[in-house]
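Input: a single structure, listed below in structure tokens.
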Amino acid sequence: MSWHGVVETGGTFEPEPGRYHLYIGLFCPFAHRVNLIRHLKGLISFIDISIVKPYPKGDEKGWPGWRFPKTDDEYPDATRDRLFGSEYMHEIYFRADKSYQGRYSVPVLWDTKTNTIVNNESHEILRFLENAFNPLLSDEYRVRNYYPDHLRDKIDEVCDWMQRDLNTGVYKAGFAPNQEVYDENVVPVFDTLKRLEKLLAENNGSYILGEEMTEVDLRLYPTLIRFDTVYVQHFKCNLGTLRHDYPRLNNWLKNLYWNVSGFKETTNFKHIKENYTKSHYDINPKAITPMGPVPDIEEDVEQQFDKLRIGNVRLP
């Protein structure tokens, strides 16, 4: 079961400062999207957050699920449930629906006025938070539009194959139950990186579709910031690395992290690394977290993108 409510003027969930509370995990790429739009649209003072610990997750069925620390000092950058003092994320779901039987995932946007979940689908939250609070925002944030009319068809097209083969593709490869399933799913991951590398070069801008930051960037960044640090070794997506094989994408990633406010601030490598390595017992039974790569992300950003070669790897 999912919730699909929308914050909008004239709707059930009106845009009001302080009314909504966001539950996230800093490890989760899909929750990362929502935290990104919260920062980029200047909604930090409008929507408070609670942050679960990155591990443990629970048994093979996900029970009891993500935990909140008992104090804000228990695990760095994780927080207590600031609304209800819950011990587990599943308690939030049961508050909204006592008979709930689905996954206890993040993100979750909670409405304190109707005392229920608004939405727990990351792309839907990302989409409506782009505009929902515009009447209440300063000009600096009101004008930021990551789904502009003239690029919507292209954004939808790219996000469709990117979501299928990369954003979720790394999970299809990483959680493959056998060699055949892994072989089938790891190649599309790198074919998609090749397509994105070429697209970035063709559009010759700071962002994937040119000089305008769009939803494509917001949905790609959380996956690629985890790529060299986690997906290469933990999910066996090791046909190449961003820093060695995809110069354009690597520079795009570095530019966002070091030069665009909101990206570094929403990225926590400790949470990211320890979540994957300490909560996937079937993949990493000893829960050892690798030290590398060092550094997690490089600092030298090339400002002239067209100086960089267009990278690729040989696919089997």
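Lettering and numbering for the structure tokens are positional, with chains as A, B, ... in the shown order, residues counted from 1 in each chain, and ligands counted from 1 in the shown order.
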
Near region 9-20 of chain A, 7 Å: region 110-195 of chain A residue rows, closest pairs, only C-alpha atoms, as a tab-separated table:
```
residue	atom	partner	partner_atom	distance
A:Trp110	CA	A:Tyr20	CA	5.5
A:Asp111	CA	A:Tyr20	CA	4.8
A:Thr112	CA	A:Arg19	CA	5.6
A:Lys113	CA	A:Arg19	CA	6.6
A:Ala132	CA	A:Pro15	CA	6.3
A:Phe133	CA	A:Pro15	CA	5.7
```

(request) Identify, with DSSP run on backbone atoms, the residues in region 109-299 of chain A assigned to alpha helix (DSSP H), and express the list as a ChimeraX atom specification. (result) /A:122-129,139-142,152-162,169-174,179-203,215-224,232-234,242-245,247-259,269-279

(request) For Thr214 (chain A), please output as an NGL selection string all residues within 10 Å (counting only C-alpha atoms; exclusion window: fewer than 6 positions along the same chain). (result) :A and (144-148 or 151-152 or 155 or 207-208)

(request) Within 8 Å of region 184-198 of chain A, counting only C-alpha atoms, which residues show up once you throw out same-chain ones fewer than 6 positions away? Write them as JSON, numbers by chain, please. (result) {"A": [161, 162, 165, 166, 169, 170, 172, 173, 208, 237, 239, 240, 246, 248, 249, 310, 311, 312, 313, 315, 316]}

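Residues in contact range of Arg142 (chain A), defined as at most 12 Å between only C-alpha atoms, with sequence neighbours fewer than 2 positions away removed, read Leu40, Lys41, Gly42, Leu43, Leu129, Glu130, Asn131, Ala132, Phe133, Asn134, Pro135, Leu136, Leu137, Ser138, Asp139, Glu140, Arg144, Asn145 and Tyr146 of chain A.
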
Residue subset to file, keeping N, CA and C atoms, as a PDB file, in the first residue's frame:
```pdb
ATOM      1  N   LEU A  40      16.757  22.681  -1.925  1.00  0.00           N
ATOM      2  CA  LEU A  40      16.836  23.530  -3.114  1.00  0.00           C
ATOM      3  C   LEU A  40      15.701  24.537  -3.203  1.00  0.00           C
ATOM      4  N   LYS A  41      14.537  24.187  -2.671  1.00  0.00           N
ATOM      5  CA  LYS A  41      13.389  25.093  -2.719  1.00  0.00           C
ATOM      6  C   LYS A  41      13.230  25.906  -1.433  1.00  0.00           C
ATOM      7  N   GLY A  42      14.205  25.856  -0.555  1.00  0.00           N
ATOM      8  CA  GLY A  42      14.155  26.677   0.648  1.00  0.00           C
ATOM      9  C   GLY A  42      13.069  26.285   1.616  1.00  0.00           C
ATOM     10  N   LEU A  43      12.815  24.971   1.741  1.00  0.00           N
ATOM     11  CA  LEU A  43      11.713  24.481   2.573  1.00  0.00           C
ATOM     12  C   LEU A  43      12.171  23.957   3.927  1.00  0.00           C
ATOM     13  N   LEU A 129       6.571  19.043  -4.306  1.00  0.00           N
ATOM     14  CA  LEU A 129       7.276  20.023  -3.484  1.00  0.00           C
ATOM     15  C   LEU A 129       7.994  21.074  -4.328  1.00  0.00           C
ATOM     16  N   GLU A 130       8.136  20.828  -5.625  1.00  0.00           N
ATOM     17  CA  GLU A 130       8.750  21.823  -6.503  1.00  0.00           C
ATOM     18  C   GLU A 130       7.922  23.099  -6.584  1.00  0.00           C
ATOM     19  N   ASN A 131       6.606  22.972  -6.394  1.00  0.00           N
ATOM     20  CA  ASN A 131       5.730  24.131  -6.587  1.00  0.00           C
ATOM     21  C   ASN A 131       4.753  24.386  -5.439  1.00  0.00           C
ATOM     22  N   ALA A 132       4.560  23.406  -4.555  1.00  0.00           N
ATOM     23  CA  ALA A 132       3.477  23.483  -3.577  1.00  0.00           C
ATOM     24  C   ALA A 132       3.539  24.733  -2.700  1.00  0.00           C
ATOM     25  N   PHE A 133       4.728  25.138  -2.295  1.00  0.00           N
ATOM     26  CA  PHE A 133       4.856  26.247  -1.351  1.00  0.00           C
ATOM     27  C   PHE A 133       5.230  27.561  -2.028  1.00  0.00           C
ATOM     28  N   ASN A 134       5.182  27.598  -3.347  1.00  0.00           N
ATOM     29  CA  ASN A 134       5.608  28.799  -4.069  1.00  0.00           C
ATOM     30  C   ASN A 134       4.962  30.096  -3.582  1.00  0.00           C
ATOM     31  N   PRO A 135       3.647  30.113  -3.290  1.00  0.00           N
ATOM     32  CA  PRO A 135       3.041  31.372  -2.834  1.00  0.00           C
ATOM     33  C   PRO A 135       3.636  31.891  -1.525  1.00  0.00           C
ATOM     34  N   LEU A 136       4.309  31.028  -0.771  1.00  0.00           N
ATOM     35  CA  LEU A 136       4.851  31.414   0.531  1.00  0.00           C
ATOM     36  C   LEU A 136       6.349  31.691   0.490  1.00  0.00           C
ATOM     37  N   LEU A 137       6.976  31.480  -0.665  1.00  0.00           N
ATOM     38  CA  LEU A 137       8.427  31.553  -0.764  1.00  0.00           C
ATOM     39  C   LEU A 137       8.909  32.910  -1.264  1.00  0.00           C
ATOM     40  N   SER A 138      10.160  33.211  -0.948  1.00  0.00           N
ATOM     41  CA  SER A 138      10.789  34.414  -1.497  1.00  0.00           C
ATOM     42  C   SER A 138      11.051  34.206  -2.982  1.00  0.00           C
ATOM     43  N   ASP A 139      11.313  35.293  -3.684  1.00  0.00           N
ATOM     44  CA  ASP A 139      11.549  35.205  -5.127  1.00  0.00           C
ATOM     45  C   ASP A 139      12.701  34.266  -5.457  1.00  0.00           C
ATOM     46  N   GLU A 140      13.732  34.242  -4.619  1.00  0.00           N
ATOM     47  CA  GLU A 140      14.903  33.398  -4.863  1.00  0.00           C
ATOM     48  C   GLU A 140      14.511  31.940  -5.063  1.00  0.00           C
ATOM     49  N   ARG A 144      12.596  28.817  -8.868  1.00  0.00           N
ATOM     50  CA  ARG A 144      13.291  27.567  -9.170  1.00  0.00           C
ATOM     51  C   ARG A 144      12.285  26.512  -9.616  1.00  0.00           C
ATOM     52  N   ASN A 145      12.462  26.053 -10.847  1.00  0.00           N
ATOM     53  CA  ASN A 145      11.517  25.115 -11.454  1.00  0.00           C
ATOM     54  C   ASN A 145      12.316  23.999 -12.125  1.00  0.00           C
ATOM     55  N   TYR A 146      12.185  22.808 -11.615  1.00  0.00           N
ATOM     56  CA  TYR A 146      12.986  21.683 -12.118  1.00  0.00           C
ATOM     57  C   TYR A 146      12.210  20.780 -13.071  1.00  0.00           C
TER      58      TYR A 146
END
```

Would you mind listing, for every residue of region 112-220 of chain A within 8 Å of region 96-107 of chain A, the two atoms forming the shortest contact and the distance between them in Å to one decimal, using only C-alpha atoms, sorted by chain and ascending residue number, as JSON lines?
```
{"residue": "A:Asn115", "atom": "CA", "partner": "A:Ala96", "partner_atom": "CA", "distance": 7.3}
{"residue": "A:Thr116", "atom": "CA", "partner": "A:Ala96", "partner_atom": "CA", "distance": 4.8}
{"residue": "A:Ile117", "atom": "CA", "partner": "A:Ala96", "partner_atom": "CA", "distance": 6.0}
{"residue": "A:Asn120", "atom": "CA", "partner": "A:Pro107", "partner_atom": "CA", "distance": 5.7}
{"residue": "A:Glu121", "atom": "CA", "partner": "A:Pro107", "partner_atom": "CA", "distance": 7.2}
{"residue": "A:Ser122", "atom": "CA", "partner": "A:Pro107", "partner_atom": "CA", "distance": 6.4}
```

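The two atoms in question, CA of Asp81 (chain A) and CA of Ile51 (chain A), are spaced 7.4 Å apart.
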
Contacts of Ser86 (chain A) within 10 Å, only C-alpha atoms, excl. fewer than 3 positions in-chain, as a short mmCIF file (atom, residue, chain, number, x, y, z; two decimals) with N, CA, C and O atoms, in the first residue's frame:
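File produced: part_37.cif:
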```
data_model
loop_
_atom_site.label_atom_id
_atom_site.label_comp_id
_atom_site.auth_asym_id
_atom_site.auth_seq_id
_atom_site.Cartn_x
_atom_site.Cartn_y
_atom_site.Cartn_z
N ARG A 67 15.08 1.91 12.72
CA ARG A 67 15.00 2.39 14.10
C ARG A 67 15.33 3.88 14.18
O ARG A 67 16.15 4.38 13.41
N PHE A 68 14.75 4.53 15.15
CA PHE A 68 15.17 5.87 15.53
C PHE A 68 16.12 5.75 16.73
O PHE A 68 15.92 4.87 17.58
N PRO A 69 17.13 6.59 16.82
CA PRO A 69 17.96 6.57 18.03
C PRO A 69 17.14 7.04 19.23
O PRO A 69 16.16 7.78 19.07
N LYS A 70 17.55 6.60 20.40
CA LYS A 70 16.84 7.03 21.61
C LYS A 70 17.16 8.47 21.97
O LYS A 70 16.37 9.15 22.62
N ARG A 80 16.00 11.46 16.96
CA ARG A 80 14.79 10.86 17.52
C ARG A 80 13.61 11.14 16.58
O ARG A 80 13.68 12.04 15.74
N ASP A 81 12.53 10.39 16.75
CA ASP A 81 11.28 10.75 16.09
C ASP A 81 10.78 12.01 16.78
O ASP A 81 10.28 11.95 17.91
N ARG A 82 10.91 13.13 16.10
CA ARG A 82 10.65 14.42 16.73
C ARG A 82 9.17 14.72 16.88
O ARG A 82 8.80 15.69 17.55
N LEU A 83 8.32 13.90 16.26
CA LEU A 83 6.88 14.09 16.43
C LEU A 83 6.31 13.25 17.56
O LEU A 83 5.60 13.74 18.43
N MET A 89 10.24 2.92 12.64
CA MET A 89 9.51 3.56 11.55
C MET A 89 8.14 2.92 11.35
O MET A 89 7.19 3.59 10.94
N HIS A 90 8.02 1.62 11.64
CA HIS A 90 6.72 0.97 11.41
C HIS A 90 5.62 1.59 12.27
O HIS A 90 4.45 1.54 11.91
N GLU A 91 5.98 2.20 13.39
CA GLU A 91 4.97 2.82 14.25
C GLU A 91 4.30 3.99 13.55
O GLU A 91 3.12 4.28 13.78
N ILE A 92 5.04 4.68 12.69
CA ILE A 92 4.48 5.80 11.92
C ILE A 92 3.42 5.27 10.95
O ILE A 92 2.33 5.84 10.81
#
```

(request) Compile the contact shell of Pro177 (chain A) as JSON, numbers by chain: residues with an atom at most 12 Å away, counting only C-alpha atoms, same-chain residues fewer than 6 positions apart removed. (result) {"A": [171, 183, 184, 185, 235, 282, 283]}

Could those selected residues go to a file with all heavy atoms, as an mmCIF file, in the first residue's frame?
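Result file result19.cif:
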```
data_model
loop_
_atom_site.group_PDB
_atom_site.id
_atom_site.type_symbol
_atom_site.label_atom_id
_atom_site.label_comp_id
_atom_site.auth_asym_id
_atom_site.auth_seq_id
_atom_site.Cartn_x
_atom_site.Cartn_y
_atom_site.Cartn_z
ATOM 1 N N TYR A 171 20.072 -2.061 -7.923
ATOM 2 C CA TYR A 171 19.479 -2.981 -6.953
ATOM 3 C C TYR A 171 19.161 -4.332 -7.592
ATOM 4 O O TYR A 171 19.310 -5.383 -6.965
ATOM 5 C CB TYR A 171 18.205 -2.367 -6.355
ATOM 6 C CG TYR A 171 18.486 -1.238 -5.405
ATOM 7 C CD1 TYR A 171 18.587 0.079 -5.859
ATOM 8 C CD2 TYR A 171 18.681 -1.475 -4.049
ATOM 9 C CE1 TYR A 171 18.872 1.115 -4.995
ATOM 10 C CE2 TYR A 171 18.953 -0.451 -3.171
ATOM 11 C CZ TYR A 171 19.052 0.850 -3.653
ATOM 12 O OH TYR A 171 19.348 1.877 -2.780
ATOM 13 N N ASP A 183 24.026 -11.206 -14.310
ATOM 14 C CA ASP A 183 24.564 -10.927 -15.642
ATOM 15 C C ASP A 183 23.576 -10.139 -16.489
ATOM 16 O O ASP A 183 23.959 -9.240 -17.253
ATOM 17 C CB ASP A 183 24.896 -12.240 -16.360
ATOM 18 C CG ASP A 183 26.096 -12.955 -15.762
ATOM 19 O OD1 ASP A 183 26.831 -12.330 -14.963
ATOM 20 O OD2 ASP A 183 26.303 -14.141 -16.080
ATOM 21 N N GLU A 184 22.313 -10.457 -16.339
ATOM 22 C CA GLU A 184 21.265 -9.806 -17.133
ATOM 23 C C GLU A 184 21.080 -8.343 -16.739
ATOM 24 O O GLU A 184 20.781 -7.498 -17.584
ATOM 25 C CB GLU A 184 19.947 -10.564 -16.945
ATOM 26 C CG GLU A 184 18.770 -9.961 -17.683
ATOM 27 C CD GLU A 184 17.470 -10.705 -17.411
ATOM 28 O OE1 GLU A 184 17.518 -11.814 -16.828
ATOM 29 O OE2 GLU A 184 16.404 -10.172 -17.762
ATOM 30 N N ASN A 185 21.303 -8.025 -15.462
ATOM 31 C CA ASN A 185 20.975 -6.692 -14.970
ATOM 32 C C ASN A 185 22.154 -5.746 -14.815
ATOM 33 O O ASN A 185 21.953 -4.526 -14.780
ATOM 34 C CB ASN A 185 20.240 -6.806 -13.630
ATOM 35 C CG ASN A 185 18.809 -7.288 -13.792
ATOM 36 O OD1 ASN A 185 17.947 -6.539 -14.235
ATOM 37 N ND2 ASN A 185 18.555 -8.545 -13.465
ATOM 38 N N PHE A 235 27.399 -3.960 -4.593
ATOM 39 C CA PHE A 235 26.423 -4.507 -5.529
ATOM 40 C C PHE A 235 27.084 -5.116 -6.769
ATOM 41 O O PHE A 235 26.402 -5.468 -7.724
ATOM 42 C CB PHE A 235 25.440 -3.419 -5.965
ATOM 43 C CG PHE A 235 24.309 -3.181 -4.984
ATOM 44 C CD1 PHE A 235 23.451 -2.090 -5.170
ATOM 45 C CD2 PHE A 235 24.083 -4.025 -3.908
ATOM 46 C CE1 PHE A 235 22.400 -1.866 -4.292
ATOM 47 C CE2 PHE A 235 23.030 -3.796 -3.028
ATOM 48 C CZ PHE A 235 22.189 -2.717 -3.213
ATOM 49 N N ASP A 282 22.735 -10.903 3.824
ATOM 50 C CA ASP A 282 22.942 -11.961 2.828
ATOM 51 C C ASP A 282 24.070 -11.603 1.867
ATOM 52 O O ASP A 282 24.747 -12.486 1.342
ATOM 53 C CB ASP A 282 21.648 -12.229 2.055
ATOM 54 C CG ASP A 282 21.048 -10.977 1.444
ATOM 55 O OD1 ASP A 282 21.373 -9.865 1.908
ATOM 56 O OD2 ASP A 282 20.236 -11.107 0.502
ATOM 57 N N ILE A 283 24.301 -10.305 1.649
ATOM 58 C CA ILE A 283 25.366 -9.863 0.753
ATOM 59 C C ILE A 283 26.694 -9.720 1.507
ATOM 60 O O ILE A 283 27.756 -10.081 0.998
ATOM 61 C CB ILE A 283 24.997 -8.523 0.086
ATOM 62 C CG1 ILE A 283 23.770 -8.703 -0.818
ATOM 63 C CG2 ILE A 283 26.168 -7.972 -0.736
ATOM 64 C CD1 ILE A 283 23.296 -7.411 -1.446
#
```

(request) Rank nothing, just name the residue among A:Thr266, A:Phe30, A:Asn255, A:Leu200 nearest to Thr168 (chain A), using only C-alpha atoms. (result)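 Residue with the minimum atom-to-atom distance to Thr168 (chain A): A:Phe30.
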